[in-house]
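Chemist: Handing you a structure now.
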Amino acid sequence: MKTQVAIIGGGPSGLLLSQLLDKAGISSIVLERKTKEYVLGRIRAGVLEQGFVGLMRKAGVSGRMDAEGYTHDGTVISNGDEIIQINFSELTGTPVVVYGQTEVTRDLYEAREKAGGQIEFEVEDVVINDAKSDSPYLTYTVHGEERRIDCDFVAGCDGFHGVSRQTIPEDVRTEYEKVYPFGWLGILSETPPVHDELIYCNSPRGFALCSMRNANLSRYYVQVPLTDKVEEWSDERFWDEFKSRIPAEMAEKLVTGPSIEKSIAPLRSFVTEPMRWGNLFLCGDAAHIVPPTGAKGLNTAASDIHYLYEGLKAHYLDGDSEGLDTYSEKALLRIWKAERFSWWMTNLLHQFPDQPAFDVKMQQAELNFLRDNTEAQKVLAQNYVGLPY
């Protein structure tokens, strides 16, 4: 097989890139390690920056998002029982949209299938060959059958554990990482959300987050030690602990119910440089990871797709390769700003093991400054709704 752009990874980033390229008349083939059902079964966050919303509209897949997504004009930061309202629309003129990542992926699959886009599932043993040449190609197997794709460019959208980043020699890439000493225990419940906006909670017992998927589907989290196991957390224990960490007025009106999904996710900050090696381009989790505090994971992947799509479009339609040549530099400039914001939010809201009393006081001073200073709230809002591409 032959295509212009081979895309490794059939999650939202790879599908969005494929859909955008198709709109520009550029061919692509998407390779996915799992089945479509598995990909659609993954539970992920769904706070979309306006840049991401714009890309969905540009790709022609925004119909259901525009009809069913929830526009959030702000968010809440709580410090114990004290509530700090951050109004995005007043501070920046821009809201965010809450629309689940699973639904984004479902819309993109539907669009690619309708357009006749080629997606290969249950792909194994992917090898990226001759990435430094003008004629890279991929070899892989599907159910034991060996296959090959010749292409002009390879887009690595295959996540932290994928083959794309590992293809770049260790003496070429530099990796930066911070592993946090806690995780997030999250549950999904068929209950109405406790509030119509997200609530990020700082409490002496640890961080908690109130979020939502729709009017009768809520996603709640509590900070837990990395040594904790999901099996140790019954629904009753979770709800009791969760109520102790959120503001009292929210705890009083919280509707609880059986969990339909429960998991613990570790937190890390990670960036690899560069994001291009020859004609191989890294996107999303293949190149960087942020802690979920601040909802930047899917949105940082979207900014990569923006830069890569614009570079590929200019290359094929205008014969201009500047966008591809500067892809890594442009993408990383924005990524590090998103990493900074997620790192700051994580440090602001979590309790760290053996945290010195001085650091606790500094955390409280930072929260008080945020409460009292409109300019500080504006900076938070600008980062949350998304820095410009």
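Each chain in the structure tokens gets a letter, A, B and so on, in the order shown; residues start at 1 in every chain, and ligands are counted from 1 in the order they appear.
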Could you give me the residues within stretch 138-243 of chain A that DSSP places in strand (DSSP E), as a ChimeraX atom specification?
Modeler: /A:138-142,145-150,153-156,174-189,199-202,208-214,217-224
Chemist: Include C-alpha atoms and write out the residues we just selected as a compact mmCIF listing (two decimals), in the first residue's frame.
Modeler:
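The resulting out-v3.txt:
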# COMPACT_ATOMS: atom_id res chain seq x y z
CA LEU A 138 6.06 1.02 7.77
CA THR A 139 6.00 -2.74 8.20
CA TYR A 140 3.51 -4.45 10.52
CA THR A 141 1.30 -7.48 10.95
CA VAL A 142 -2.46 -7.95 11.20
CA GLU A 145 -0.19 -11.35 8.00
CA GLU A 146 2.78 -9.11 7.14
CA ARG A 147 1.94 -5.78 5.51
CA ARG A 148 3.77 -2.65 4.33
CA ILE A 149 2.88 1.00 3.75
CA ASP A 150 5.10 3.33 1.72
CA PHE A 153 5.64 11.20 6.17
CA VAL A 154 4.87 9.32 9.38
CA ALA A 155 2.76 10.86 12.16
CA GLY A 156 3.33 9.15 15.50
CA THR A 174 16.19 14.35 25.38
CA GLU A 175 13.46 13.41 27.85
CA TYR A 176 12.25 15.49 30.79
CA GLU A 177 10.06 13.91 33.43
CA LYS A 178 8.51 14.59 36.82
CA VAL A 179 6.60 11.78 38.54
CA TYR A 180 4.17 12.92 41.24
CA PRO A 181 3.92 10.94 44.50
CA PHE A 182 0.17 10.32 44.23
CA GLY A 183 -2.55 9.29 41.80
CA TRP A 184 -6.18 10.09 41.08
CA LEU A 185 -8.85 7.59 42.03
CA GLY A 186 -11.75 8.28 39.68
CA ILE A 187 -15.27 6.91 39.49
CA LEU A 188 -18.00 7.30 36.92
CA SER A 189 -21.58 7.27 38.20
CA ILE A 199 -14.82 22.20 40.95
CA TYR A 200 -11.12 21.79 41.76
CA CYS A 201 -10.85 21.22 45.52
CA ASN A 202 -7.93 21.79 47.87
CA ALA A 208 -10.71 16.26 44.83
CA LEU A 209 -12.37 17.10 41.53
CA CYS A 210 -16.05 17.34 40.60
CA SER A 211 -16.59 16.96 36.85
CA MET A 212 -19.30 15.76 34.50
CA ARG A 213 -19.99 14.01 31.21
CA ASN A 214 -23.64 14.96 30.81
CA LEU A 217 -23.29 11.12 34.20
CA SER A 218 -20.70 12.42 36.66
CA ARG A 219 -16.97 11.86 36.99
CA TYR A 220 -15.41 12.40 40.43
CA TYR A 221 -11.83 12.04 41.65
CA VAL A 222 -9.84 11.99 44.88
CA GLN A 223 -6.09 12.12 45.36
CA VAL A 224 -4.72 8.82 46.71
Chemist: Could you give me, as a list in words, the residues within 8 Å of A:Ala287, counting only C-alpha atoms and dropping anything in the same chain fewer than 6 positions from it?
Modeler: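 Contacts, with the query itself left out: Gly159, Phe160, Arg165, Phe270, Val271, Thr272, Glu273 and Met275 of chain A.
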Chemist: Those selected residues, please, written with N, CA and C atoms and delivered as an mmCIF file, in the first residue's frame.
Modeler:
data_model
loop_
_atom_site.group_PDB
_atom_site.id
_atom_site.type_symbol
_atom_site.label_atom_id
_atom_site.label_comp_id
_atom_site.auth_asym_id
_atom_site.auth_seq_id
_atom_site.Cartn_x
_atom_site.Cartn_y
_atom_site.Cartn_z
ATOM 1 N N GLY A 159 0.825 7.338 21.436
ATOM 2 C CA GLY A 159 0.881 7.366 22.884
ATOM 3 C C GLY A 159 2.251 7.140 23.482
ATOM 4 N N PHE A 160 2.294 7.197 24.807
ATOM 5 C CA PHE A 160 3.548 7.142 25.556
ATOM 6 C C PHE A 160 4.291 5.827 25.338
ATOM 7 N N ARG A 165 8.058 7.252 19.392
ATOM 8 C CA ARG A 165 9.129 7.932 20.122
ATOM 9 C C ARG A 165 10.359 7.034 20.238
ATOM 10 N N PHE A 270 5.801 14.984 31.427
ATOM 11 C CA PHE A 270 6.824 14.380 30.564
ATOM 12 C C PHE A 270 6.876 15.132 29.242
ATOM 13 N N VAL A 271 8.091 15.389 28.763
ATOM 14 C CA VAL A 271 8.289 15.987 27.435
ATOM 15 C C VAL A 271 9.536 15.371 26.813
ATOM 16 N N THR A 272 9.445 15.030 25.543
ATOM 17 C CA THR A 272 10.625 14.617 24.796
ATOM 18 C C THR A 272 10.919 15.650 23.713
ATOM 19 N N GLU A 273 12.178 15.898 23.487
ATOM 20 C CA GLU A 273 12.623 16.816 22.433
ATOM 21 C C GLU A 273 13.690 16.116 21.595
ATOM 22 N N MET A 275 10.499 16.843 18.529
ATOM 23 C CA MET A 275 9.271 16.133 18.151
ATOM 24 C C MET A 275 9.275 15.751 16.669
#
Chemist: Could you jot down the atom CA of A:Pro292 to atom CA of A:Lys58 separation for me, Å, one decimal place?
Modeler: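 Rounded to one decimal, the two atoms are 26.1 Å apart.
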Chemist: Find the residue from A:Tyr316, A:Tyr38, A:Phe369, A:Tyr389 that sits nearest to A:Arg334; use only C-alpha atoms when measuring.
Modeler: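 Of A:Tyr316, A:Tyr38, A:Phe369, A:Tyr389, the one nearest A:Arg334 is A:Tyr389, counting only C-alpha atoms.
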Chemist: What are the DSSP alpha helix (DSSP H) residues of stretch 80-161 of chain A, as an MDAnalysis selection string?
Modeler: chainID A and resid 88:92 101:114
Chemist: Could those selected residues go to a file with C-alpha atoms, as a compact mmCIF listing (two decimals), in the first residue's frame?
Modeler:
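Saved the output as result-v6.txt:
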# COMPACT_ATOMS: atom_id res chain seq x y z
CA PHE A 88 -13.63 32.52 31.83
CA SER A 89 -16.08 34.47 29.69
CA GLU A 90 -15.77 37.65 31.75
CA LEU A 91 -11.99 37.40 32.07
CA THR A 92 -11.10 36.29 28.53
CA GLN A 101 -13.31 12.36 24.56
CA THR A 102 -15.12 9.12 23.79
CA GLU A 103 -17.75 11.11 21.90
CA VAL A 104 -15.07 13.06 20.03
CA THR A 105 -13.50 9.77 18.97
CA ARG A 106 -16.87 8.30 17.99
CA ASP A 107 -17.62 11.33 15.79
CA LEU A 108 -14.22 11.09 14.12
CA TYR A 109 -14.57 7.36 13.41
CA GLU A 110 -17.97 7.96 11.87
CA ALA A 111 -16.58 10.74 9.67
CA ARG A 112 -13.59 8.69 8.51
CA GLU A 113 -15.79 5.69 7.71
CA LYS A 114 -18.27 7.86 5.83
Chemist: Let me make sure I understand: among A:Glu32, A:Asp66, A:Asp158, A:Asp240, which one has the smallest atom-to-atom distance to A:Ala286 if we use only C-alpha atoms?
Modeler: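 Smallest separation from A:Ala286 among the options: A:Asp158.
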Chemist: Find the residue from A:Ala357, A:Ala376, A:Leu308, A:Ala24 that sits nearest to A:Glu322; use only C-alpha atoms when measuring.
Modeler: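 Closest residue, counting only C-alpha atoms: A:Leu308.
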Chemist: Just the number, please: distance in Å from atom CA of A:Met250 to atom CA of A:Val194, one decimal.
Modeler: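 Spanning atom CA of A:Met250 to atom CA of A:Val194 is a straight-line distance of 6.5 Å.
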Chemist: Please identify all polymer residues within 9 Å of A:Met65, counting only C-alpha atoms, omitting same-chain residues fewer than 3 positions from it, and present them as a count of residues only.
Modeler: 13
Chemist: Which residue is closest to A:Leu17? Choose from A:Ile29, A:Ile168, A:Val385, A:Val127 and count only C-alpha atoms.
Modeler: A:Ile29
Chemist: Neighbouring residues of A:Leu254 were defined as those with any atom within 9 Å, considering only C-alpha atoms; residues of the same chain fewer than 2 positions away were excluded. Please report them as number ranges by chain.
Modeler: A: 192-195, 243, 249-252, 256
Chemist: In Å, rounded to a single decimal, give me how far atom CA of A:Leu48 is from atom CA of A:Ala302.
Modeler: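 Spanning atom CA of A:Ala302 to atom CA of A:Leu48 is a straight-line distance of 9.6 Å.
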